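Listing of coords_39.cif, mmCIF, C-alpha atoms
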data_protein
#
loop_
_atom_site.label_atom_id
_atom_site.label_comp_id
_atom_site.auth_asym_id
_atom_site.auth_seq_id
_atom_site.Cartn_x
_atom_site.Cartn_y
_atom_site.Cartn_z
CA MET A 26 -47.25 -3.23 -36.31
CA LYS A 27 -45.49 -1.04 -33.77
CA LEU A 28 -43.86 -4.20 -32.41
CA ILE A 29 -41.47 -4.66 -35.40
CA PRO A 30 -39.50 -1.37 -34.88
CA VAL A 31 -39.15 -2.12 -31.16
CA LEU A 32 -37.88 -5.65 -31.88
CA THR A 33 -35.49 -4.29 -34.54
CA VAL A 34 -34.01 -1.69 -32.16
CA THR A 35 -33.71 -4.32 -29.39
CA ALA A 36 -31.99 -6.79 -31.73
CA LEU A 37 -29.54 -4.12 -32.97
CA ALA A 38 -28.73 -3.07 -29.39
CA ALA A 39 -28.14 -6.71 -28.37
CA ALA A 40 -25.87 -7.30 -31.37
CA ALA A 41 -23.86 -4.15 -30.63
CA SER A 42 -23.35 -5.08 -26.99
CA ALA A 43 -22.33 -8.63 -27.93
CA GLN A 44 -19.55 -7.29 -30.18
CA THR A 45 -18.04 -5.16 -27.43
CA ALA A 46 -15.26 -7.08 -25.70
CA PRO A 47 -15.44 -7.14 -21.94
CA ALA A 48 -12.85 -4.98 -20.21
CA ALA A 49 -9.78 -6.89 -19.15
CA ALA A 50 -9.47 -7.43 -15.45
CA PRO A 51 -6.74 -5.25 -13.96
CA ALA A 52 -3.55 -7.08 -13.05
CA ALA A 53 -3.13 -7.77 -9.36
CA LYS A 54 -0.92 -5.10 -7.85
CA GLN A 55 2.09 -6.46 -6.00
CA SER A 56 2.74 -4.81 -2.65
CA PHE A 57 4.85 -5.32 0.45
CA SER A 58 3.27 -7.28 3.26
CA TYR A 59 4.16 -6.40 6.83
CA ASP A 60 1.43 -8.72 8.10
CA ARG A 61 2.78 -12.22 7.65
CA VAL A 62 3.82 -15.45 9.29
CA VAL A 63 6.57 -17.75 7.94
CA PHE A 64 7.55 -21.30 8.91
CA ASN A 65 11.21 -21.99 8.01
CA PHE A 66 13.59 -24.91 8.01
CA VAL A 67 16.99 -23.61 9.18
CA SER A 68 20.49 -24.91 8.52
CA VAL A 69 23.42 -23.30 10.35
CA SER A 70 27.10 -23.96 9.63
CA GLY A 71 30.09 -22.27 11.06
CA GLU A 72 33.74 -21.93 11.75
CA SER A 73 33.65 -24.77 14.27
CA GLY A 74 32.52 -27.17 11.54
CA ASP A 75 29.41 -28.17 13.49
CA ALA A 76 26.22 -28.02 11.47
CA ASP A 77 22.95 -27.35 13.24
CA SER A 78 19.48 -27.56 11.83
CA GLY A 79 16.00 -26.91 13.06
CA VAL A 80 12.90 -24.85 12.55
CA ALA A 81 11.95 -21.22 13.00
CA VAL A 82 8.66 -19.34 13.03
CA PHE A 83 8.74 -15.69 12.00
CA GLY A 84 5.85 -13.28 12.42
CA GLN A 85 5.31 -9.65 11.56
CA ALA A 86 2.36 -7.31 12.14
CA THR A 87 1.75 -3.66 11.29
CA LEU A 88 1.02 -1.13 14.00
CA GLY A 89 0.29 1.78 11.67
CA ASN A 90 2.11 4.91 10.42
CA GLY A 91 5.01 2.81 9.12
CA PHE A 92 5.63 0.96 12.42
CA TYR A 93 5.51 -2.82 12.76
CA LEU A 94 6.45 -5.57 15.20
CA THR A 95 8.52 -8.60 14.29
CA ALA A 96 9.23 -11.75 16.29
CA THR A 97 11.10 -15.00 15.69
CA ALA A 98 11.17 -18.27 17.60
CA THR A 99 13.94 -20.71 16.64
CA ASN A 100 14.57 -24.27 17.77
CA LEU A 101 17.92 -25.70 16.64
CA ASP A 102 19.61 -29.00 17.26
CA ASN A 103 22.48 -26.88 18.59
CA GLY A 104 25.81 -28.59 19.28
CA ALA A 105 27.61 -25.47 20.55
CA PRO A 106 28.68 -25.97 24.19
CA ASP A 107 27.62 -22.48 25.25
CA GLY A 108 24.53 -22.43 23.06
CA ASP A 109 20.92 -23.22 23.71
CA ASN A 110 18.60 -25.11 21.42
CA ALA A 111 15.75 -22.57 21.52
CA SER A 112 15.68 -18.80 21.19
CA THR A 113 13.20 -16.01 20.71
CA SER A 114 13.67 -12.45 19.56
CA ALA A 115 11.45 -9.45 18.94
CA ALA A 116 11.96 -6.01 17.44
CA LEU A 117 10.10 -2.82 16.65
CA GLY A 118 10.44 -1.83 13.01
CA TYR A 119 9.82 1.23 10.90
CA ALA A 120 9.39 1.19 7.10
CA VAL A 121 9.83 4.12 4.72
CA SER A 122 8.88 3.86 1.04
CA LEU A 123 11.61 5.18 -1.23
CA PRO A 124 11.00 6.75 -4.66
CA LYS A 125 10.69 4.18 -7.44
CA ALA A 126 13.86 3.58 -9.41
CA LEU A 127 13.46 1.83 -12.79
CA GLY A 128 9.89 0.97 -11.81
CA VAL A 129 10.94 -0.97 -8.70
CA SER A 130 9.18 -0.27 -5.40
CA THR A 131 11.62 -0.21 -2.48
CA ASP A 132 11.17 0.11 1.27
CA LEU A 133 13.88 1.09 3.74
CA ASN A 134 13.51 -0.74 7.06
CA LEU A 135 15.00 -0.06 10.50
CA GLU A 136 14.45 -2.63 13.26
CA LEU A 137 15.47 -2.25 16.91
CA GLY A 138 15.25 -5.01 19.50
CA HIS A 139 16.94 -6.14 22.69
CA ASP A 140 20.65 -6.44 21.85
CA SER A 141 19.87 -6.18 18.13
CA TYR A 142 19.42 -3.74 15.28
CA SER A 143 18.99 -4.07 11.54
CA LEU A 144 18.93 -1.72 8.57
CA GLY A 145 17.61 -3.14 5.32
CA LEU A 146 16.00 -2.73 1.93
CA ARG A 147 13.06 -4.66 0.45
CA ALA A 148 12.43 -4.40 -3.30
CA LEU A 149 9.49 -5.62 -5.41
CA VAL A 150 11.14 -6.64 -8.67
CA GLY A 151 7.92 -7.87 -10.32
CA GLY A 152 6.33 -11.16 -11.21
CA GLY A 153 5.58 -11.86 -7.55
CA LEU A 154 9.25 -11.70 -6.51
CA GLU A 155 10.53 -9.62 -3.59
CA LEU A 156 14.24 -9.35 -2.74
CA GLY A 157 15.74 -8.13 0.53
CA LEU A 158 19.14 -7.08 1.85
CA SER A 159 19.89 -6.16 5.47
CA TYR A 160 22.80 -5.59 7.80
CA GLY A 161 22.70 -5.53 11.56
CA ALA A 162 23.81 -6.94 14.86
CA ASN A 163 22.00 -9.85 16.47
CA ASP A 164 22.48 -13.33 17.91
CA VAL A 165 20.39 -15.21 15.36
CA TYR A 166 22.34 -18.43 15.81
CA ASN A 167 21.98 -18.51 19.58
CA GLU A 168 25.62 -19.07 20.47
CA GLY A 169 25.40 -17.45 23.86
CA PRO A 170 25.75 -13.85 25.04
CA GLY A 171 26.63 -11.09 22.62
CA ALA A 172 25.62 -10.09 19.13
CA ASP A 173 27.34 -10.61 15.80
CA ASN A 174 27.34 -8.39 12.72
CA THR A 175 25.18 -10.14 10.16
CA LEU A 176 24.60 -9.56 6.44
CA LYS A 177 21.40 -11.17 5.14
CA VAL A 178 19.91 -11.58 1.67
CA SER A 179 16.39 -12.90 1.21
CA ALA A 180 13.82 -13.71 -1.45
CA VAL A 181 10.05 -14.08 -1.23
CA TYR A 182 8.00 -15.44 -4.12
CA SER A 183 4.24 -15.06 -4.12
CA LEU A 184 2.15 -18.12 -4.90
CA GLY A 185 -0.97 -15.95 -5.00
CA GLN A 186 -1.99 -17.47 -8.33
CA PHE A 187 -2.69 -20.71 -6.40
CA VAL A 188 -3.64 -19.55 -2.89
CA LYS A 189 -4.04 -15.87 -2.02
CA GLY A 190 -1.33 -14.80 0.44
CA LEU A 191 0.82 -17.94 0.12
CA THR A 192 4.59 -17.38 -0.34
CA LEU A 193 7.84 -19.31 -0.71
CA ASN A 194 10.68 -17.82 1.35
CA ALA A 195 14.46 -18.27 1.35
CA SER A 196 17.36 -16.45 2.97
CA TYR A 197 21.10 -16.60 3.50
CA ALA A 198 22.67 -14.86 6.49
CA ASP A 199 26.40 -14.54 7.12
CA GLU A 200 27.90 -13.42 10.43
CA THR A 201 30.59 -11.14 9.09
CA SER A 202 32.20 -10.97 12.54
CA GLY A 203 31.43 -14.47 13.84
CA GLY A 204 32.09 -16.83 10.94
CA ASP A 205 28.73 -18.64 11.05
CA TYR A 206 26.17 -18.64 8.25
CA ALA A 207 22.61 -19.86 7.93
CA THR A 208 20.24 -20.73 5.14
CA THR A 209 16.49 -20.91 5.52
CA PHE A 210 13.75 -22.23 3.29
CA GLY A 211 10.10 -21.99 4.17
CA ILE A 212 6.52 -21.26 3.38
CA GLY A 213 4.62 -18.19 4.49
CA TYR A 214 1.23 -16.58 4.54
CA ASN A 215 0.50 -12.86 4.13
CA PHE A 216 -2.69 -11.90 5.94
#

Could you write out this structure as structure tokens?
Amino acid sequence: MKLIPVLTVTALAAAASAQTAPAAAPAAKQSFSYDRVVFNFVSVSGESGDADSGVAVFGQATLGNGFYLTATATNLDNGAPDGDNASTSAALGYAVSLPKALGVSTDLNLELGHDSYSLGLRALVGGGLELGLSYGANDVYNEGPGADNTLKVSAVYSLGQFVKGLTLNASYADETSGGDYATTFGIGYNF
């Protein structure tokens, strides 16, 4: 009859473990991605009244210790007489994490390229949303030689609940010295 106490202890242990709720899975931590590729539809309007549209591919990859490379290839249906319908640009970037303010993670970014520079902020506001603001000099609209001062705001929304790494991207850039502005909408992948 030694079997009855063993079965009783086993049954009590099984009942106790069944009443314990499993630990909740930790929420996915949102973080900045400096390893990404984005395919954008671009619409450019300007002071001349001509509207151009096209596509752009943006890529970014980390090098380590806060450094990263960024590159963009744009193909516009450009009507500007001194413009070209395709352009490429590349820059070396450096990111510094700033102290959290109100629970928001923020990175300060500096990018330097050929005839271009940019200083910006990226902030993770929660819920899969990242906002960006930058100011710099570049020729993003491919109007010919020279660079224009450009203010850019951007938003990235993570669709990680559907496909890991998938994002929706949008931006608005205004040439404060040139009078042109561009909007982009696209889809990206963080790798």

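When only C-alpha atoms are used to compute distances to Leu149 of chain A, the closest of the residues A:Ser70, A:Ser56, A:Thr201, A:Gln186 turns out to be A:Ser56.
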
Check what the PyMOL selection byres ((chain A and resi 82-95) around 12) selects in the file above and give those residues as an mmCIF file with C-alpha atoms, in the coordinates of the input.
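Final output, selection29.cif:
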data_model
loop_
_atom_site.group_PDB
_atom_site.id
_atom_site.type_symbol
_atom_site.label_atom_id
_atom_site.label_comp_id
_atom_site.auth_asym_id
_atom_site.auth_seq_id
_atom_site.Cartn_x
_atom_site.Cartn_y
_atom_site.Cartn_z
ATOM 1 C CA PHE A 57 4.850 -5.320 0.450
ATOM 2 C CA SER A 58 3.270 -7.280 3.260
ATOM 3 C CA TYR A 59 4.160 -6.400 6.830
ATOM 4 C CA ASP A 60 1.430 -8.720 8.100
ATOM 5 C CA ARG A 61 2.780 -12.220 7.650
ATOM 6 C CA VAL A 62 3.820 -15.450 9.290
ATOM 7 C CA VAL A 63 6.570 -17.750 7.940
ATOM 8 C CA PHE A 64 7.550 -21.300 8.910
ATOM 9 C CA ASN A 65 11.210 -21.990 8.010
ATOM 10 C CA PHE A 66 13.590 -24.910 8.010
ATOM 11 C CA VAL A 67 16.990 -23.610 9.180
ATOM 12 C CA GLY A 79 16.000 -26.910 13.060
ATOM 13 C CA VAL A 80 12.900 -24.850 12.550
ATOM 14 C CA ALA A 81 11.950 -21.220 13.000
ATOM 15 C CA ALA A 96 9.230 -11.750 16.290
ATOM 16 C CA THR A 97 11.100 -15.000 15.690
ATOM 17 C CA ALA A 98 11.170 -18.270 17.600
ATOM 18 C CA THR A 99 13.940 -20.710 16.640
ATOM 19 C CA ASN A 100 14.570 -24.270 17.770
ATOM 20 C CA LEU A 101 17.920 -25.700 16.640
ATOM 21 C CA ALA A 111 15.750 -22.570 21.520
ATOM 22 C CA SER A 112 15.680 -18.800 21.190
ATOM 23 C CA THR A 113 13.200 -16.010 20.710
ATOM 24 C CA SER A 114 13.670 -12.450 19.560
ATOM 25 C CA ALA A 115 11.450 -9.450 18.940
ATOM 26 C CA ALA A 116 11.960 -6.010 17.440
ATOM 27 C CA LEU A 117 10.100 -2.820 16.650
ATOM 28 C CA GLY A 118 10.440 -1.830 13.010
ATOM 29 C CA TYR A 119 9.820 1.230 10.900
ATOM 30 C CA ALA A 120 9.390 1.190 7.100
ATOM 31 C CA VAL A 121 9.830 4.120 4.720
ATOM 32 C CA SER A 122 8.880 3.860 1.040
ATOM 33 C CA ASP A 132 11.170 0.110 1.270
ATOM 34 C CA LEU A 133 13.880 1.090 3.740
ATOM 35 C CA ASN A 134 13.510 -0.740 7.060
ATOM 36 C CA LEU A 135 15.000 -0.060 10.500
ATOM 37 C CA GLU A 136 14.450 -2.630 13.260
ATOM 38 C CA LEU A 137 15.470 -2.250 16.910
ATOM 39 C CA GLY A 138 15.250 -5.010 19.500
ATOM 40 C CA TYR A 142 19.420 -3.740 15.280
ATOM 41 C CA SER A 143 18.990 -4.070 11.540
ATOM 42 C CA ASN A 194 10.680 -17.820 1.350
ATOM 43 C CA THR A 209 16.490 -20.910 5.520
ATOM 44 C CA PHE A 210 13.750 -22.230 3.290
ATOM 45 C CA GLY A 211 10.100 -21.990 4.170
ATOM 46 C CA ILE A 212 6.520 -21.260 3.380
ATOM 47 C CA GLY A 213 4.620 -18.190 4.490
ATOM 48 C CA TYR A 214 1.230 -16.580 4.540
ATOM 49 C CA ASN A 215 0.500 -12.860 4.130
ATOM 50 C CA PHE A 216 -2.690 -11.900 5.940
#

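If you look at atom CA of Asn110 of chain A and atom CA of Ala195 of chain A, they are 21.6 Å away from each other.
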
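As for atom CA of Ala198 of chain A and atom CA of Gly185 of chain A, they are spaced 26.3 Å apart.
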
Review point. At what distance in Å, to one decimal, does atom CA of Leu191 of chain A lie from atom CA of Ala162 of chain A?
Key: 29.4 Å

Exercise for review: Show which residues sit within 10 Å of Leu123 of chain A, as a list of chain:residue names. Count all atoms listed in the file, and ignore same-chain residues fewer than 6 positions away.
Suggested key: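 Once the adjacent positions are removed, what remains is A:Val129, A:Ser130, A:Thr131, A:Asp132, A:Leu133, A:Leu146, A:Ala148.
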
Would you save the residues from that selection as a compact mmCIF listing (two decimals), keeping the file's coordinate frame, using C-alpha atoms?
# COMPACT_ATOMS: atom_id res chain seq x y z
CA VAL A 129 10.94 -0.97 -8.70
CA SER A 130 9.18 -0.27 -5.40
CA THR A 131 11.62 -0.21 -2.48
CA ASP A 132 11.17 0.11 1.27
CA LEU A 133 13.88 1.09 3.74
CA LEU A 146 16.00 -2.73 1.93
CA ALA A 148 12.43 -4.40 -3.30

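Those residues returned by the PyMOL selection byres ((chain A and resi 182) around 9) for this file are Gly152, Gly153, Leu154, Glu155, Leu156, Ala180, Val181, Ser183, Leu184, Leu191, Thr192, Leu193, Asn194 and Ala195 of chain A.
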
What's the 9 Å shell around Ala207 of chain A, counting all atoms listed in the file, without same-chain residues fewer than 4 positions away, as a short mmCIF file (atom, residue, chain, number, x, y, z; two decimals) with C-alpha atoms, in the coordinates of the input?
data_model
loop_
_atom_site.label_atom_id
_atom_site.label_comp_id
_atom_site.auth_asym_id
_atom_site.auth_seq_id
_atom_site.Cartn_x
_atom_site.Cartn_y
_atom_site.Cartn_z
CA VAL A 67 16.99 -23.61 9.18
CA SER A 68 20.49 -24.91 8.52
CA VAL A 69 23.42 -23.30 10.35
CA SER A 70 27.10 -23.96 9.63
CA GLY A 71 30.09 -22.27 11.06
CA TYR A 166 22.34 -18.43 15.81
CA SER A 196 17.36 -16.45 2.97
CA TYR A 197 21.10 -16.60 3.50
CA ALA A 198 22.67 -14.86 6.49
CA ASP A 199 26.40 -14.54 7.12
CA GLU A 200 27.90 -13.42 10.43
#

Point to revise | Residues returned when the PyMOL selection byres ((chain A and resi 160) around 9) runs on this file, as an MDAnalysis selection string | key: chainID A and resid 142:145 158:159 161:162 174:177
